[in-house]
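Engineer: Supplied structure: target_1.cif, mmCIF, C-alpha atoms.
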```cif
data_target
loop_
_atom_site.label_atom_id
_atom_site.label_comp_id
_atom_site.auth_asym_id
_atom_site.auth_seq_id
_atom_site.Cartn_x
_atom_site.Cartn_y
_atom_site.Cartn_z
CA MET A 1342 139.18 60.69 56.80
CA GLU A 1343 138.43 63.89 54.89
CA PRO A 1344 136.07 63.71 51.88
CA ILE A 1345 137.77 63.96 48.50
CA TYR A 1346 136.61 66.88 46.37
CA SER A 1347 137.16 67.34 42.66
CA GLU A 1348 137.67 70.80 41.26
CA LEU A 1349 134.05 70.72 40.08
CA ASP A 1350 132.82 69.69 43.54
CA ALA A 1351 134.68 72.65 45.01
CA SER A 1352 132.86 75.09 42.71
CA PRO A 1353 129.26 76.42 42.94
CA LEU A 1354 128.32 74.71 39.65
CA PRO A 1355 126.73 71.54 41.12
CA PHE A 1356 124.51 73.70 43.33
CA LEU A 1357 123.63 75.99 40.42
CA HIS A 1358 122.77 73.04 38.19
CA LEU A 1359 120.45 71.73 40.90
CA MET A 1360 118.75 75.09 41.34
CA GLY A 1361 118.39 75.32 37.55
CA ARG A 1362 115.86 72.50 37.77
CA LEU A 1363 113.45 74.87 39.48
CA LYS A 1364 113.27 76.91 36.27
CA GLU A 1365 111.81 73.88 34.47
CA LEU A 1366 109.83 72.32 37.32
CA PRO A 1367 106.14 73.23 36.93
CA ARG A 1368 103.96 74.18 39.87
CA THR A 1369 101.86 71.04 39.95
CA GLY A 1370 98.86 72.68 41.60
CA TRP A 1371 98.11 74.51 38.36
CA LYS A 1372 98.49 71.53 36.03
CA ARG A 1373 94.87 70.45 36.49
CA PHE A 1374 93.79 73.73 34.89
CA ILE A 1375 96.71 75.21 32.92
CA ALA A 1376 98.61 73.34 30.20
CA ASN A 1377 101.94 75.11 30.75
CA PRO A 1378 101.90 76.61 34.24
CA GLU A 1379 104.53 78.75 35.88
CA SER A 1380 107.69 77.14 37.22
CA VAL A 1381 108.66 76.80 40.86
CA ALA A 1382 111.43 79.32 40.20
CA ALA A 1383 108.92 81.84 38.85
CA HIS A 1384 106.80 81.44 41.99
CA SER A 1385 109.85 81.81 44.26
CA TRP A 1386 110.76 85.00 42.44
CA GLY A 1387 107.23 86.31 42.99
CA VAL A 1388 107.39 85.55 46.70
CA SER A 1389 110.81 87.19 46.94
CA VAL A 1390 109.45 90.33 45.24
CA LEU A 1391 106.60 90.44 47.74
CA GLY A 1392 109.30 90.32 50.41
CA MET A 1393 110.27 93.82 49.26
CA PHE A 1394 106.89 95.04 50.54
CA ALA A 1395 107.21 93.66 54.06
CA PRO A 1396 105.50 95.80 56.74
CA ASP A 1397 107.42 98.29 58.86
CA GLY A 1398 109.60 96.63 61.45
CA VAL A 1399 110.13 93.50 59.35
CA ASP A 1400 113.55 92.89 57.79
CA ILE A 1401 113.00 93.31 54.04
CA GLU A 1402 116.30 91.79 52.91
CA LYS A 1403 115.71 88.76 55.09
CA CYS A 1404 112.20 88.37 53.63
CA GLU A 1405 113.63 88.50 50.11
CA PHE A 1406 116.15 85.78 50.99
CA LEU A 1407 113.54 83.57 52.67
CA GLY A 1408 111.27 83.98 49.66
CA MET A 1409 114.02 82.96 47.29
CA CYS A 1410 115.02 79.90 49.37
CA HIS A 1411 111.65 78.64 50.59
CA ASP A 1412 111.20 76.10 47.76
CA PHE A 1413 114.84 75.15 47.14
CA ALA A 1414 114.20 71.62 48.46
CA GLU A 1415 111.77 71.04 45.58
CA ALA A 1416 114.76 70.90 43.22
CA VAL A 1417 115.40 67.50 44.83
CA VAL A 1418 111.97 66.14 45.81
CA GLY A 1419 109.73 67.94 43.31
CA ASP A 1420 106.64 70.05 43.92
CA ILE A 1421 104.31 68.04 46.16
CA PRO A 1422 100.80 69.55 45.90
CA THR A 1423 98.25 69.59 48.69
CA TYR A 1424 95.82 67.45 46.69
CA ALA A 1425 98.42 64.63 46.64
CA GLY A 1426 97.33 63.86 50.20
CA MET A 1427 100.83 63.34 51.58
CA PRO A 1428 100.93 63.77 55.38
CA LYS A 1429 102.62 67.02 56.44
CA GLU A 1430 105.21 65.20 58.51
CA ARG A 1431 106.30 63.03 55.60
CA LYS A 1432 106.40 65.99 53.20
CA HIS A 1433 108.50 67.98 55.67
CA LYS A 1434 110.89 65.05 56.09
CA LYS A 1435 111.39 64.61 52.33
CA GLU A 1436 112.01 68.34 51.88
CA ASP A 1437 114.35 68.42 54.88
CA PHE A 1438 116.54 65.82 53.19
CA GLY A 1439 116.29 67.79 49.97
CA ILE A 1440 117.59 70.99 51.58
CA ARG A 1441 120.33 69.01 53.33
CA TYR A 1442 121.55 67.79 49.95
CA ALA A 1443 121.52 71.35 48.58
CA GLU A 1444 123.57 72.46 51.59
CA THR A 1445 126.06 69.63 51.01
CA LEU A 1446 126.72 70.85 47.48
CA LEU A 1447 128.07 74.09 48.94
CA LYS A 1448 129.98 72.49 51.79
CA HIS A 1449 133.40 72.92 50.20
CA PHE A 1450 132.83 76.06 48.13
CA ASN A 1451 130.95 78.17 50.69
CA PRO A 1452 129.75 76.30 53.78
CA ILE A 1453 128.56 79.51 55.43
CA LEU A 1454 126.18 80.21 52.52
CA GLY A 1455 124.99 76.60 52.54
CA ALA A 1456 124.17 76.81 56.25
CA LYS A 1457 122.46 80.16 55.71
CA ILE A 1458 120.22 78.70 52.99
CA ARG A 1459 119.24 75.77 55.17
CA ALA A 1460 118.58 78.06 58.15
CA ALA A 1461 116.35 80.22 55.93
CA TRP A 1462 114.35 77.18 54.83
CA GLU A 1463 113.96 76.00 58.44
CA GLU A 1464 112.92 79.50 59.57
CA TYR A 1465 110.28 79.62 56.83
CA GLU A 1466 108.98 76.17 57.72
CA ALA A 1467 108.71 77.05 61.43
CA GLY A 1468 106.82 80.26 60.62
CA VAL A 1469 107.64 81.88 63.98
CA THR A 1470 109.65 85.02 63.17
CA PRO A 1471 107.95 88.13 61.72
CA GLU A 1472 109.88 87.60 58.48
CA ALA A 1473 108.81 83.97 58.15
CA ARG A 1474 105.18 84.86 58.85
CA TRP A 1475 105.24 87.55 56.18
CA VAL A 1476 106.88 85.28 53.59
CA ARG A 1477 104.42 82.46 54.31
CA GLU A 1478 101.63 84.96 53.71
CA ALA A 1479 103.40 86.19 50.56
CA ASP A 1480 103.50 82.58 49.34
CA LYS A 1481 99.69 82.48 49.42
CA LEU A 1482 99.25 86.01 48.09
CA ASP A 1483 101.47 85.26 45.09
CA CYS A 1484 99.29 82.23 44.36
CA LEU A 1485 96.10 84.33 44.51
CA ILE A 1486 97.61 86.94 42.19
CA LYS A 1487 98.67 84.20 39.76
CA ALA A 1488 95.21 82.60 39.88
CA PHE A 1489 93.68 85.88 38.74
CA ASP A 1490 96.34 86.21 36.05
CA TYR A 1491 95.40 82.76 34.72
CA GLU A 1492 91.73 83.73 34.80
CA LEU A 1493 92.65 86.73 32.65
CA GLN A 1494 94.75 84.62 30.28
CA THR A 1495 91.98 82.03 29.84
CA HIS A 1496 89.26 84.71 29.54
CA GLY A 1497 87.39 83.33 32.53
CA GLU A 1498 87.02 79.90 30.91
CA LYS A 1499 88.95 78.12 33.69
CA ASP A 1500 87.29 77.78 37.07
CA LEU A 1501 89.99 78.68 39.58
CA GLU A 1502 87.58 79.48 42.40
CA GLU A 1503 89.08 76.80 44.65
CA PHE A 1504 92.23 78.90 45.04
CA GLN A 1505 90.18 81.61 46.73
CA SER A 1506 90.24 79.43 49.86
CA LEU A 1507 93.78 80.76 50.36
CA THR A 1508 92.28 84.10 51.36
CA SER A 1509 91.91 82.78 54.91
CA LYS A 1510 95.72 82.60 55.12
CA ILE A 1511 96.07 86.35 54.59
CA THR A 1512 96.08 87.81 58.10
CA SER A 1513 98.20 90.97 58.13
CA GLU A 1514 96.55 94.37 57.71
CA GLU A 1515 98.67 95.07 54.64
CA GLY A 1516 97.87 91.72 53.08
CA LYS A 1517 94.15 92.10 53.77
CA ALA A 1518 94.10 95.53 52.15
CA TRP A 1519 95.80 94.24 48.98
CA LEU A 1520 93.59 91.16 48.94
CA ARG A 1521 90.47 93.36 49.03
CA LEU A 1522 91.74 95.32 46.03
CA LEU A 1523 92.59 92.10 44.18
CA GLN A 1524 89.12 90.70 44.83
CA GLU A 1525 87.51 93.93 43.63
CA GLU A 1526 89.63 93.81 40.48
CA ARG A 1527 88.62 90.18 39.92
CA LYS A 1528 84.93 90.91 40.47
CA ALA A 1529 85.02 93.83 38.02
CA HIS A 1530 86.74 91.67 35.41
CA PHE A 1531 84.14 88.90 35.57
CA SER A 1532 81.40 91.51 35.42
CA ARG A 1533 82.90 92.90 32.20
CA LEU A 1534 83.08 89.41 30.70
CA LYS A 1535 79.28 89.24 30.79
CA GLN A 1536 79.00 92.29 28.55
CA ARG A 1537 80.33 92.70 25.02
CA ALA A 1538 82.22 95.92 24.36
CA PRO A 1539 80.86 97.31 21.05
CA VAL A 1540 84.20 97.78 19.32
CA ILE A 1541 85.57 97.26 15.81
CA PHE A 1542 89.27 97.34 14.94
CA VAL A 1543 89.98 99.11 11.65
CA ILE A 1544 93.39 98.08 10.38
CA GLY A 1545 95.37 98.37 7.16
CA ALA A 1546 98.55 99.81 5.72
CA SER A 1547 99.19 103.53 5.73
CA GLY A 1548 97.39 105.27 2.88
CA VAL A 1549 94.48 102.84 2.46
CA GLY A 1550 92.04 105.39 3.85
CA LYS A 1551 91.28 104.21 7.37
CA LYS A 1552 90.58 107.71 8.68
CA THR A 1553 88.45 108.65 5.68
CA GLN A 1554 86.32 105.52 5.82
CA CYS A 1555 85.81 105.81 9.56
CA ALA A 1556 84.82 109.45 9.18
CA LEU A 1557 82.20 108.45 6.62
CA LEU A 1558 80.86 105.73 8.91
CA SER A 1559 80.56 108.15 11.81
CA LYS A 1560 78.37 110.43 9.68
CA ASP A 1561 75.91 107.65 8.84
CA PHE A 1562 75.86 105.90 12.22
CA VAL A 1563 76.02 106.76 15.92
CA ILE A 1564 79.62 105.73 16.37
CA ARG A 1565 82.85 106.92 17.97
CA ARG A 1566 86.30 107.06 16.41
CA ILE A 1567 89.22 106.20 18.69
CA SER A 1568 92.93 105.72 18.17
CA LEU A 1569 95.47 104.55 20.70
CA ASP A 1570 97.72 107.48 19.79
CA GLN A 1571 94.87 109.87 20.54
CA VAL A 1572 94.16 108.23 23.89
CA LEU A 1573 97.82 108.36 24.92
CA ASP A 1574 98.17 111.98 23.81
CA GLU A 1575 95.13 112.98 25.89
CA LYS A 1576 96.50 111.26 28.97
CA SER A 1577 99.95 112.80 28.53
CA ARG A 1578 98.30 116.21 28.82
CA ASP A 1579 96.16 115.33 31.84
CA PRO A 1580 97.84 116.80 34.97
CA THR A 1581 95.66 114.60 37.20
CA TYR A 1582 96.82 111.37 35.56
CA LEU A 1583 99.39 109.42 37.57
CA HIS A 1584 101.53 108.38 34.58
CA ALA A 1585 101.14 111.55 32.50
CA GLN A 1586 104.84 112.47 32.49
CA TYR A 1587 105.91 108.91 31.67
CA VAL A 1588 103.50 108.75 28.73
CA LYS A 1589 104.59 112.20 27.54
CA ASP A 1590 108.26 111.22 27.64
CA CYS A 1591 107.57 108.00 25.72
CA LEU A 1592 105.65 109.84 23.03
CA ALA A 1593 108.56 112.26 22.62
CA GLU A 1594 110.84 109.37 21.60
CA GLU A 1595 110.55 107.75 18.17
CA ASP A 1596 111.84 104.35 19.28
CA VAL A 1597 110.16 104.03 22.71
CA ASP A 1598 106.65 102.66 23.23
CA VAL A 1599 104.39 103.18 26.21
CA ALA A 1600 104.26 99.97 28.27
CA THR A 1601 101.75 97.66 26.55
CA GLU A 1602 99.85 96.91 29.76
CA LEU A 1603 99.34 100.61 30.49
CA ALA A 1604 98.38 101.46 26.90
CA ILE A 1605 95.76 98.71 26.73
CA ASN A 1606 94.30 99.66 30.11
CA LEU A 1607 93.83 103.23 28.87
CA LEU A 1608 92.35 102.09 25.57
CA GLY A 1609 89.96 99.73 27.36
CA ARG A 1610 88.74 102.48 29.64
CA LYS A 1611 88.15 104.78 26.69
CA ILE A 1612 86.14 102.13 24.86
CA ASN A 1613 84.04 101.42 27.94
CA GLU A 1614 83.17 105.08 28.50
CA GLY A 1615 80.09 104.79 26.30
CA ASN A 1616 77.62 102.19 25.05
CA THR A 1617 77.85 103.18 21.39
CA TRP A 1618 79.98 101.36 18.86
CA SER A 1619 83.62 102.42 18.69
CA LEU A 1620 85.94 102.24 15.71
CA VAL A 1621 89.54 101.82 16.85
CA LEU A 1622 91.81 103.04 14.08
CA GLY A 1623 95.12 101.32 13.33
CA PHE A 1624 94.90 98.96 16.28
CA PRO A 1625 96.39 96.49 17.01
CA GLU A 1626 99.75 97.00 15.35
CA ARG A 1627 101.56 94.18 17.16
CA ILE A 1628 100.53 90.76 18.41
CA GLU A 1629 101.45 91.60 22.01
CA GLN A 1630 98.96 94.48 21.93
CA LEU A 1631 96.24 92.14 20.70
CA VAL A 1632 97.02 89.47 23.29
CA GLU A 1633 96.92 92.04 26.09
CA PHE A 1634 93.65 93.49 24.79
CA GLU A 1635 92.06 90.04 24.66
CA LYS A 1636 93.32 89.35 28.16
CA LYS A 1637 92.25 92.61 29.79
CA VAL A 1638 89.33 93.89 27.71
CA GLN A 1639 87.67 91.34 25.43
CA LYS A 1640 88.54 87.98 23.88
CA THR A 1641 86.88 88.12 20.44
CA ASN A 1642 86.75 91.38 18.51
CA TYR A 1643 85.34 92.50 15.19
CA THR A 1644 87.84 93.71 12.60
CA ILE A 1645 87.68 95.49 9.27
CA LEU A 1646 90.89 95.12 7.27
CA LEU A 1647 91.38 97.60 4.43
CA LYS A 1648 93.72 96.36 1.69
CA CYS A 1649 94.80 97.59 -1.71
CA SER A 1650 97.23 96.31 -4.29
CA ALA A 1651 100.88 97.30 -4.30
CA GLU A 1652 100.32 99.11 -7.61
CA GLN A 1653 97.49 101.17 -6.16
CA MET A 1654 99.48 101.94 -3.05
CA HIS A 1655 102.41 103.13 -5.16
CA GLN A 1656 100.14 105.43 -7.13
CA ARG A 1657 98.81 106.92 -3.92
CA VAL A 1658 102.31 107.50 -2.62
CA GLU A 1659 103.31 109.21 -5.85
CA LYS A 1660 100.23 111.41 -5.60
CA LEU A 1661 101.08 112.22 -2.01
CA GLY A 1662 104.65 113.02 -3.00
CA SER A 1663 103.56 115.27 -5.84
CA SER A 1664 101.11 117.20 -3.67
CA SER A 1665 103.82 117.77 -1.09
CA GLY A 1666 106.39 118.84 -3.69
CA ALA A 1667 108.49 115.74 -3.19
CA GLY A 1668 108.23 114.68 -6.81
CA ASN A 1669 109.00 111.14 -7.89
CA GLY A 1670 112.50 110.99 -6.47
CA PRO A 1671 114.00 109.32 -3.41
CA ASP A 1672 111.49 110.94 -1.02
CA VAL A 1673 108.59 109.15 -2.68
CA THR A 1674 110.46 105.84 -2.64
CA LYS A 1675 111.14 106.29 1.06
CA GLU A 1676 107.50 107.14 1.66
CA PHE A 1677 106.43 104.03 -0.21
CA GLN A 1678 108.65 101.90 2.03
CA ASN A 1679 106.69 103.23 4.99
CA PHE A 1680 103.48 101.58 3.73
CA GLN A 1681 103.77 98.60 6.02
CA THR A 1682 101.08 95.95 5.91
CA PRO A 1683 99.66 94.91 9.30
CA ASN A 1684 101.63 92.34 11.23
CA ALA A 1685 100.83 88.93 9.69
CA ASP A 1686 100.46 87.36 13.14
CA VAL A 1687 97.87 89.98 14.06
CA GLU A 1688 95.91 89.47 10.84
CA ASN A 1689 95.94 85.67 11.11
CA HIS A 1690 94.92 85.77 14.76
CA LEU A 1691 91.98 88.07 14.06
CA LYS A 1692 90.87 85.99 11.08
CA ALA A 1693 90.63 82.86 13.19
CA VAL A 1694 87.17 83.60 14.60
CA GLU A 1695 84.44 83.12 12.00
CA GLY A 1696 82.10 86.04 11.48
CA TYR A 1697 84.32 88.59 13.21
CA PHE A 1698 86.64 89.55 10.34
CA LYS A 1699 85.90 91.57 7.20
CA GLU A 1700 88.49 92.22 4.48
CA ILE A 1701 87.81 95.10 2.09
CA ASN A 1702 89.59 95.76 -1.21
CA CYS A 1703 90.34 99.48 -1.50
CA ASP A 1704 91.58 99.67 -5.07
CA GLY A 1705 88.41 101.47 -6.19
CA SER A 1706 87.34 105.02 -5.55
CA MET A 1707 86.64 106.35 -2.09
CA GLU A 1708 82.89 106.06 -2.73
CA GLU A 1709 83.15 102.48 -4.01
CA THR A 1710 85.28 101.48 -1.05
CA TYR A 1711 82.86 103.09 1.39
CA GLY A 1712 80.02 101.04 -0.08
CA PHE A 1713 81.91 97.88 0.87
CA VAL A 1714 82.91 99.26 4.27
CA LYS A 1715 79.35 100.30 5.10
CA LYS A 1716 78.04 96.86 4.12
CA ALA A 1717 80.71 95.18 6.28
CA PHE A 1718 79.80 97.42 9.22
CA GLU A 1719 76.10 96.60 8.91
CA GLU A 1720 76.90 92.88 8.75
CA ILE A 1721 78.97 93.18 11.90
CA ILE A 1722 76.13 94.95 13.74
CA GLN A 1723 73.72 92.23 12.63
CA HIS A 1724 76.14 89.48 13.68
CA ALA A 1725 76.56 91.07 17.11
CA GLU A 1726 72.79 91.38 17.56
CA THR A 1727 72.27 87.74 16.56
CA GLU A 1728 74.90 86.60 19.07
CA LYS A 1729 73.34 88.76 21.77
CA GLN A 1730 69.91 87.25 21.19
CA SER A 1731 71.40 83.75 21.13
CA SER A 1732 73.14 84.28 24.47
CA MET A 1733 69.90 85.54 26.03
CA VAL A 1734 68.11 82.36 24.96
CA TYR A 1735 70.70 80.22 26.73
#
```
Would you mind writing the file out in structure tokens?

Structural biologist:
Amino acid sequence: MEPIYSELDASPLPFLHLMGRLKELPRTGWKRFIANPESVAAHSWGVSVLGMFAPDGVDIEKCEFLGMCHDFAEAVVGDIPTYAGMPKERKHKKEDFGIRYAETLLKHFNPILGAKIRAAWEEYEAGVTPEARWVREADKLDCLIKAFDYELQTHGEKDLEEFQSLTSKITSEEGKAWLRLLQEERKAHFSRLKQRAPVIFVIGASGVGKKTQCALLSKDFVIRRISLDQVLDEKSRDPTYLHAQYVKDCLAEEDVDVATELAINLLGRKINEGNTWSLVLGFPERIEQLVEFEKKVQKTNYTILLKCSAEQMHQRVEKLGSSSGAGNGPDVTKEFQNFQTPNADVENHLKAVEGYFKEINCDGSMEETYGFVKKAFEEIIQHAETEKQSSMVY
């Protein structure tokens, strides 16, 4: 007797609903260290992407498909971690029944696809073909890459060293070469964490005098002035820089930003070029820039926020308009609208660490303001020295 199918059963929706669980199912191996770890679906996507880089002679499209399907059974049985201690045979049996169920959901809509998915899972599990061997290696490599990413996100505060045992599973020449680079990157990062980058963010709305105050500081102290715009402009003109044309094209567009990851990497390198204190003007503008900086360069950072009243800002805009011949008409009003205060999320985030944030009122004269700025700078230097001495004691 033939099975009875409803219209819903004969569609791909039941299968898609099942696979949707993988988007919400966390990778349990991370849960001992990370509060909200990546999902199984995110990991499968990473493995599938690594399939695109399969060595010569290995079927790339097949690797991508194996990578996408290799954890489909977990939509039924869940993610069973190694530390759970379940025997391999039992785990394989549970997952085999899971993939059988997934195949059944496609039996009426597309039985050929269902059989193909199950065959891909079985091929991956057997690990015999060149494609399966590469994807099994990609599974471990994706985990190692993610471990380093979590170490970056947690600023080295989580000990994920145990995941380095997966390095023994990387056996191809290509995989070994990438693993060496990843380990070098990881080593360099932890080395940087032991040293504090002498940097101070100087933020505030347009017209508060950031450039002027920083220029005055640089006359009285051995200090560098840096801006992200300056760094990007320099790199866009460097013919030896790999991404020069991309950066140049981005800068030519008013509504296109250089990729945050790339911009922060360049800024971090510039800051680390010397051992003297650096003032970074107008940075960060957005919370994503700050988060990336804390992840890739340094977690806690000193900040001087320059603020003035709306009345004072309006006066300065009017003065600017008059000096430029704009008068007090619409041009001045438009200019005033451009005086944007720093992103509130950025300001609140930077304020959260005691001793690292200084807010200066700029309503007074340039000289009066500089007196406050200079005092704030000296307090920051003293605070940094005290922390340095404290860390040496411990």

Engineer: Could you tell me how far CA of Phe1489 in chain A sits from CA of Lys1429 in chain A, in Å to one decimal place?

Structural biologist: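 Separating CA of Lys1429 in chain A from CA of Phe1489 in chain A is a distance of 27.4 Å.
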
Engineer: Would you mind telling me which residue in A:Asn1689, A:Ser1731, A:Val1549, A:Met1409 lies nearest to Thr1710 in chain A when using only C-alpha atoms?

Structural biologist: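 The answer is A:Val1549, which sits nearest to Thr1710 in chain A.
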
Engineer: Using all atoms listed in the file, which residue out of A:Ala1600, A:Leu1507, A:Ile1541, A:Val1388 lies closest to Ala1473 in chain A?

Structural biologist: A:Val1388

Engineer: Where does the PyMOL selection byres ((chain A and resi 1572) around 10) land in this file, that is, which residues does it pick, as an MDAnalysis selection string?

Structural biologist: chainID A and resid 1567:1571 1573:1577 1604 1607:1608 1610:1611

Engineer: Using all atoms listed in the file, which protein or nucleic acid residues come within 7 Å of Leu1647 in chain A? Drop anything in the same chain fewer than 5 positions from it, and give the result as number ranges by chain.

Structural biologist: A: 1544-1545, 1549, 1700-1703

Engineer: Of the candidates A:Lys1364, A:Arg1459, A:Lys1699, A:Arg1521, which shows the shortest atom-to-atom distance to Glu1720 in chain A, using all atoms listed in the file?

Structural biologist: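 Once distances to Glu1720 in chain A are computed over all atoms listed in the file, the minimum belongs to A:Lys1699.
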
Engineer: For range 1558-1562 of chain A, list every protein, DNA or RNA residue within 10 Å, evaluated using all atoms listed in the file, and leave out those in the same chain fewer than 5 positions away; present the list as a PyMOL selection string.

Structural biologist: chain A and resi 1552-1553+1617-1620+1711+1714-1715+1718-1719

Engineer: If you keep C-alpha atoms, can you produce a file of those selected residues as an mmCIF file, keeping the file's coordinate frame?

Structural biologist:
```
data_model
loop_
_atom_site.group_PDB
_atom_site.id
_atom_site.type_symbol
_atom_site.label_atom_id
_atom_site.label_comp_id
_atom_site.auth_asym_id
_atom_site.auth_seq_id
_atom_site.Cartn_x
_atom_site.Cartn_y
_atom_site.Cartn_z
ATOM 1 C CA LYS A 1552 90.580 107.710 8.680
ATOM 2 C CA THR A 1553 88.450 108.650 5.680
ATOM 3 C CA THR A 1617 77.850 103.180 21.390
ATOM 4 C CA TRP A 1618 79.980 101.360 18.860
ATOM 5 C CA SER A 1619 83.620 102.420 18.690
ATOM 6 C CA LEU A 1620 85.940 102.240 15.710
ATOM 7 C CA TYR A 1711 82.860 103.090 1.390
ATOM 8 C CA VAL A 1714 82.910 99.260 4.270
ATOM 9 C CA LYS A 1715 79.350 100.300 5.100
ATOM 10 C CA PHE A 1718 79.800 97.420 9.220
ATOM 11 C CA GLU A 1719 76.100 96.600 8.910
#
```

Engineer: Using only C-alpha atoms, which of the listed residues (A:Arg1527, A:Lys1372, A:Lys1434, A:Arg1362) sits closest to Glu1415 in chain A?

Structural biologist: A:Arg1362

Engineer: Please determine, counting all atoms listed in the file, which residue among A:Lys1517, A:Lys1729, A:Arg1441, A:His1655 has the shortest atom-to-atom distance to Arg1537 in chain A.

Structural biologist: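 Checking each candidate against Arg1537 in chain A, we get A:Lys1729 as the closest.
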
Engineer: Report as a PDB file with C-alpha atoms, keeping the file's coordinate frame the residues that result from applying the PyMOL selection byres ((chain A and resi 1390-1398) around 9) to the structure here.

Structural biologist:
```
ATOM      1  CA  SER A1385     109.850  81.810  44.260  1.00  0.00           C
ATOM      2  CA  TRP A1386     110.760  85.000  42.440  1.00  0.00           C
ATOM      3  CA  GLY A1387     107.230  86.310  42.990  1.00  0.00           C
ATOM      4  CA  VAL A1388     107.390  85.550  46.700  1.00  0.00           C
ATOM      5  CA  SER A1389     110.810  87.190  46.940  1.00  0.00           C
ATOM      6  CA  VAL A1399     110.130  93.500  59.350  1.00  0.00           C
ATOM      7  CA  ASP A1400     113.550  92.890  57.790  1.00  0.00           C
ATOM      8  CA  ILE A1401     113.000  93.310  54.040  1.00  0.00           C
ATOM      9  CA  GLU A1402     116.300  91.790  52.910  1.00  0.00           C
ATOM     10  CA  LYS A1403     115.710  88.760  55.090  1.00  0.00           C
ATOM     11  CA  CYS A1404     112.200  88.370  53.630  1.00  0.00           C
ATOM     12  CA  GLU A1405     113.630  88.500  50.110  1.00  0.00           C
ATOM     13  CA  PHE A1406     116.150  85.780  50.990  1.00  0.00           C
ATOM     14  CA  LEU A1407     113.540  83.570  52.670  1.00  0.00           C
ATOM     15  CA  GLY A1408     111.270  83.980  49.660  1.00  0.00           C
ATOM     16  CA  MET A1409     114.020  82.960  47.290  1.00  0.00           C
ATOM     17  CA  PRO A1471     107.950  88.130  61.720  1.00  0.00           C
ATOM     18  CA  GLU A1472     109.880  87.600  58.480  1.00  0.00           C
ATOM     19  CA  TRP A1475     105.240  87.550  56.180  1.00  0.00           C
ATOM     20  CA  VAL A1476     106.880  85.280  53.590  1.00  0.00           C
ATOM     21  CA  ALA A1479     103.400  86.190  50.560  1.00  0.00           C
ATOM     22  CA  ASP A1480     103.500  82.580  49.340  1.00  0.00           C
ATOM     23  CA  LEU A1482      99.250  86.010  48.090  1.00  0.00           C
ATOM     24  CA  ASP A1483     101.470  85.260  45.090  1.00  0.00           C
ATOM     25  CA  SER A1513      98.200  90.970  58.130  1.00  0.00           C
ATOM     26  CA  GLU A1515      98.670  95.070  54.640  1.00  0.00           C
TER      27      GLU A1515
END
```

Engineer: What separation in Å, quoted to one decimal, exists between CA of Glu1695 in chain A and CA of Phe1542 in chain A?

Structural biologist: 15.3 Å

Engineer: Can you tell me, as a ChimeraX atom specification, what residues are no more than 8 Å from Phe1504 in chain A when counting only C-alpha atoms, ignoring any on the same chain fewer than 3 positions away?

Structural biologist: /A:1484-1485,1488,1501,1507

Engineer: Using CA of Ala1593 in chain A and CA of Gly1550 in chain A as the two end points, give the distance in Å to one decimal.

Structural biologist: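 If I compute the distance from CA of Ala1593 in chain A to CA of Gly1550 in chain A, I get 25.9 Å.
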